[in-house]
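Asks: Below is one structure. I have some questions about it.
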Amino acid sequence: MKLAIDLHSHSGYAGGVGQIELSDVSKTMKLKGIDVFGTGDCLLPRRTKELHSLLNESAEGLYSLPGDSKNFLLQTEVIFSTKLADYKNKTIAHHVILFPDFSAIEKMQKLMDKWKMKNTIGRPFVVSNSQTELQDQLFEIAAIDPLIEIIPAHVVTPEGIFGSKNNLQQIAEFYGDFLSNIRIIETGLSADPKMLQQIPELAELTMISNSDCHSAAINRIGREFTVIDSKALSYPAIISSLRENKIAFTAEFNPQEGRFYHTGHRANRAGHEDCVIFVDEIPKDLICPICGKKMNLGVSERCQQLTDDKIIPTERKYMHLIPLVEVVAASLGIKNPASKSVLKSFGQVMKLFPSEIALWQDTKLAEKLAGSIDEKLIANILAVQNDNFSFEPAGFDGNYGVLKIK
C-alpha cells in the first residue's frame, strides 16, 4: 500500500507559535491527503502527557484522536551539540527522532535526566564534549528500541549536519562508529534529491521530505511529504519501508523557494537599506560588503562544495510542488493565503478531488477543472503540475523565494 507521510513538525512548545490543536492538524491532513503525521515535540514531558491523554493507539505504533481516521507517529526534533577535534566552534546538528511508543519516549527522557540535559523546550539540546561522548549518547538512544530512528534533519541548511555553520567535509567526523545507523536523511526545504544525490556520504541513503511545519495551516502541513510503499499501516512497516528505501516519490519545495537557498543578507538587517544576494561571486570570507558581518553560505553553494561529479546518481522520483492555496493566492493577486477569498476558491477546487495530493497526481487535471473554476487559476495549477514556475528572487538569509508562475 502507498502511504503519504509527513514526519517532521512542531507544536506550540517549540516557540514562535501559539498552541496547535491536533484536531486542526487532522482536518488539514484530510484536505492534503496525508496519512501519517509526526506529532512534534513528543520528548517534552508536558507534550508527552498531552499526547498520551489525547491519542489512542490506532495501529501498531500509530495513534489517532478518538473517532478520527488520521494517524499520528510519535516524533520530535533534537539538536545534538559536540566539540570536535580540529574545529574551533561546537558542531551543532538538528535531527528528527521517531519513537515506536510512549515507553520508548519515557526511556529517552530518563537518559536525558542521566546526562543532566535540560528538557524544558519543544526542541531540546543534547550536549557532549567530544565525538566519543556523542557517539555513546547516540548508541544509548538507539539501544532503547530497535525501531527508534534517528534522522539528520534538513541536512544542508546552515544548522544541518552538512550545513555551512559546521563546514564538515565528512559526516563520519560527527557520527564516528554510529554512522552505519544513519540510514535516512531529510532533504529540507532548500534542497531536493538532485542537489544531494552526488554528495558521497548521502548518495546511497534514503531521502525523505517533510514539512517541518510550526502550524496547522493548509500551506504548511504537507508542503513537503513522502509517499512510501508499505506492507501495512503501522509504525514497524513504515520504518521498514524507510530503511529499505521503498520511496515511491517525494514532493519537494522547489529549492529556490527555501529560505536558505542562496548566500546573502536581507534588507532589514542592521546596517542594510538594500539586500545583497550572491550567486556566482561569493566573498571567500563570507563577509557582507554592506554591513561587514558574516553571512551563512547558501544551500545551493554548499551542495556545490560537497558534490563529487564521479558519483553516478541513484534514480529518485520526486516532484516540485507549491501548496495549492498559494497557487490560488498568486492567481488572485493576494499575498495572504489564509484570506477568505483565497480559501473560498481553494474550497471550490477541492470539491473536485479527494485530496490535494490526489489533485497533483491526476493525469486528467485539465479536464476535471474545465468549466468549474477561473481559467487563470486552471492555467496556474497546470503550470505548477508541469513544473513551470520559478522564484525571483530565490530564497536567502531567512527569506522565502518570491513565486513566479510561467
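Following the order of the C-alpha cells, first chain is A, next is B, and so on, with residues numbered from 1 inside each chain and ligands from 1 in the order they appear.
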Taking only segment 71-245 of chain A into account, list the residues labelled strand (DSSP E) by DSSP (computed from the backbone), as an mmCIF file with C-alpha atoms, in the first residue's frame.

Replies:
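Result file follows (out_0.cif):
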data_model
loop_
_atom_site.group_PDB
_atom_site.id
_atom_site.type_symbol
_atom_site.label_atom_id
_atom_site.label_comp_id
_atom_site.auth_asym_id
_atom_site.auth_seq_id
_atom_site.Cartn_x
_atom_site.Cartn_y
_atom_site.Cartn_z
ATOM 1 C CA ASN A 71 -2.789 8.687 12.206
ATOM 2 C CA PHE A 72 -0.001 10.297 14.200
ATOM 3 C CA LEU A 73 3.513 8.991 14.751
ATOM 4 C CA LEU A 74 5.481 9.985 17.859
ATOM 5 C CA GLN A 75 8.254 12.354 16.759
ATOM 6 C CA THR A 76 10.499 15.125 17.945
ATOM 7 C CA GLU A 77 13.414 17.190 16.736
ATOM 8 C CA VAL A 78 16.572 17.087 18.857
ATOM 9 C CA ILE A 79 19.661 19.262 18.471
ATOM 10 C CA PHE A 80 22.933 17.454 19.130
ATOM 11 C CA SER A 81 25.921 19.608 20.019
ATOM 12 C CA THR A 82 29.506 18.484 20.493
ATOM 13 C CA THR A 91 29.291 21.354 15.893
ATOM 14 C CA ILE A 92 25.503 21.615 16.135
ATOM 15 C CA ALA A 93 23.183 19.451 14.035
ATOM 16 C CA HIS A 94 19.403 19.049 14.049
ATOM 17 C CA HIS A 95 17.862 15.555 13.944
ATOM 18 C CA VAL A 96 14.376 14.071 13.727
ATOM 19 C CA ILE A 97 13.823 11.133 16.081
ATOM 20 C CA LEU A 98 10.918 8.703 15.598
ATOM 21 C CA PHE A 99 9.618 6.606 18.520
ATOM 22 C CA PHE A 125 19.590 20.036 23.112
ATOM 23 C CA VAL A 126 21.752 17.005 23.830
ATOM 24 C CA VAL A 127 25.235 18.311 24.582
ATOM 25 C CA GLU A 149 15.059 6.015 14.040
ATOM 26 C CA ILE A 150 17.483 8.949 14.170
ATOM 27 C CA ILE A 151 17.349 11.051 11.005
ATOM 28 C CA PRO A 152 19.593 14.038 10.185
ATOM 29 C CA ILE A 184 17.733 8.097 6.207
ATOM 30 C CA ILE A 185 18.167 11.833 5.679
ATOM 31 C CA GLU A 186 15.706 14.693 5.320
ATOM 32 C CA THR A 206 17.043 7.054 1.790
ATOM 33 C CA MET A 207 15.950 10.640 1.164
ATOM 34 C CA ILE A 208 12.652 11.809 2.631
ATOM 35 C CA PHE A 225 5.853 14.979 2.038
ATOM 36 C CA THR A 226 6.973 11.462 1.168
ATOM 37 C CA VAL A 227 4.963 8.643 -0.417
ATOM 38 C CA ILE A 228 6.207 5.195 0.563
ATOM 39 C CA ASP A 229 5.379 1.646 -0.446
#

Asks: List every residue of segment 187-292 of chain A that has an atom at most 7 Å from any atom of segment 304-316 of chain A, and for each one report the closest atom pair and its distance in Å to one decimal, counting only C-alpha atoms, with rows sorted by chain and then by increasing residue number, as CSV.

Replies:
residue,atom,partner,partner_atom,distance
A:Gln197,CA,A:Pro313,CA,5.7
A:Gln198,CA,A:Thr307,CA,5.2
A:Ile199,CA,A:Thr307,CA,4.7
A:Pro200,CA,A:Asp308,CA,6.7

Asks: Env of Trp115 of chain A: 12 Å cut, atoms = only C-alpha atoms, seq-sep filter 6 positions within chain, self excluded. Answer as an MDAnalysis selection string.

Replies: chainID A and resid 108:109 125:129 133:134 136:137 140:141

Asks: Can you tell me which residues surround Leu55 of chain A at a distance of at most 6 Å, considering only C-alpha atoms, apart from same-chain residues fewer than 6 positions away, and format the answer as a list in words?

Replies: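 Counting only the stated atoms, we get Tyr63, Ser64 and Leu65 of chain A.
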
Asks: Which parts of segment 181-287 of chain A does DSSP call alpha helix (DSSP H) when run on the backbone here, written out as a list in words?

Replies: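 Filtering segment 181-287 of chain A down to alpha helix (DSSP H) leaves Pro193, Lys194, Met195, Leu196, Tyr235, Pro236, Ala237, Ile238, Ile239, Ser240, Ser241, Leu242 and Arg243 of chain A.
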
Asks: Keeping only C-alpha atoms, write those residues as an mmCIF file, in the first residue's frame.

Replies:
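So the final result, stored in again.cif, reads:
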data_model
loop_
_atom_site.group_PDB
_atom_site.id
_atom_site.type_symbol
_atom_site.label_atom_id
_atom_site.label_comp_id
_atom_site.auth_asym_id
_atom_site.auth_seq_id
_atom_site.Cartn_x
_atom_site.Cartn_y
_atom_site.Cartn_z
ATOM 1 C CA PRO A 193 17.331 14.874 -4.171
ATOM 2 C CA LYS A 194 19.051 16.150 -7.307
ATOM 3 C CA MET A 195 21.153 18.549 -5.241
ATOM 4 C CA LEU A 196 22.092 15.886 -2.672
ATOM 5 C CA TYR A 235 4.951 2.030 12.690
ATOM 6 C CA PRO A 236 7.145 -1.063 12.099
ATOM 7 C CA ALA A 237 6.052 -1.257 8.445
ATOM 8 C CA ILE A 238 6.765 2.439 7.893
ATOM 9 C CA ILE A 239 10.234 2.175 9.457
ATOM 10 C CA SER A 240 10.956 -0.916 7.374
ATOM 11 C CA SER A 241 9.953 0.911 4.175
ATOM 12 C CA LEU A 242 12.169 3.872 5.017
ATOM 13 C CA ARG A 243 15.171 1.726 5.932
#

Asks: Could you tell me which of A:Leu352, A:Ile287, A:Ile322, A:Ala251 comes closest to Gly371 of chain A if we count only C-alpha atoms?

Replies: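 Under the stated criterion, the closest residue is A:Leu352.
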
Asks: One decimal, Å: what's the distance from atom CA of Asp86 of chain A over to atom CA of Ser300 of chain A, could you say?

Replies: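 Value for the atom CA of Asp86 of chain A-atom CA of Ser300 of chain A distance: 25.6 Å.
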
Asks: Residues at most 9 Å from Val325 of chain A, counting only C-alpha atoms, excluding those fewer than 5 positions away in the same chain, as a ChimeraX atom specification?

Replies: /A:218-219,330,337-338,342-343,345-346

Asks: Could you tell me which of A:Ala4, A:Ile148, A:Ile247, A:Met29 comes closest to Lys317 of chain A if we count only C-alpha atoms?

Replies: A:Ile247

Asks: Given only C-alpha atoms as the basis, pick out the residue of A:Ala217, A:Ala59, A:Leu359, A:Leu54 nearest to Val25 of chain A.

Replies: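 The closest residue to Val25 of chain A is A:Ala217.
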
Asks: Could you tell me how far atom CA of Asn399 of chain A lies from atom CA of Gly188 of chain A, in Å and to one decimal?

Replies: 14.9 Å

Asks: A:Ala232, A:Ala104, A:Leu324, A:Met117: which is nearest Pro146 of chain A, counting only C-alpha atoms?

Replies: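 Among A:Ala232, A:Ala104, A:Leu324, A:Met117, it is A:Ala104 that comes nearest to Pro146 of chain A.
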
Asks: Of the candidates A:Ala383, A:Leu51, A:Leu138, A:Lys83, which shows the shortest atom-to-atom distance to Asp101 of chain A, using only C-alpha atoms?

Replies: A:Leu51

Asks: Rank A:Pro255, A:Gly395, A:Gly40, A:Gly333 by their smallest atom-to-atom distance to Arg123 of chain A, using only C-alpha atoms, and report the top residue only.

Replies: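 Smallest distance to Arg123 of chain A is found for A:Gly40.
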
Asks: List as a list of chain:residue names the protein and nucleic acid residues near segment 271-285 of chain A, meaning an atom at most 8 Å away when only C-alpha atoms are counted, but skip any in the same chain fewer than 6 places from it.

Replies: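 Listed by chain and then number, they are A:His262, A:Thr263, A:Gly264, A:His265, A:Cys291, A:Lys294, A:Glu301, A:Phe396.
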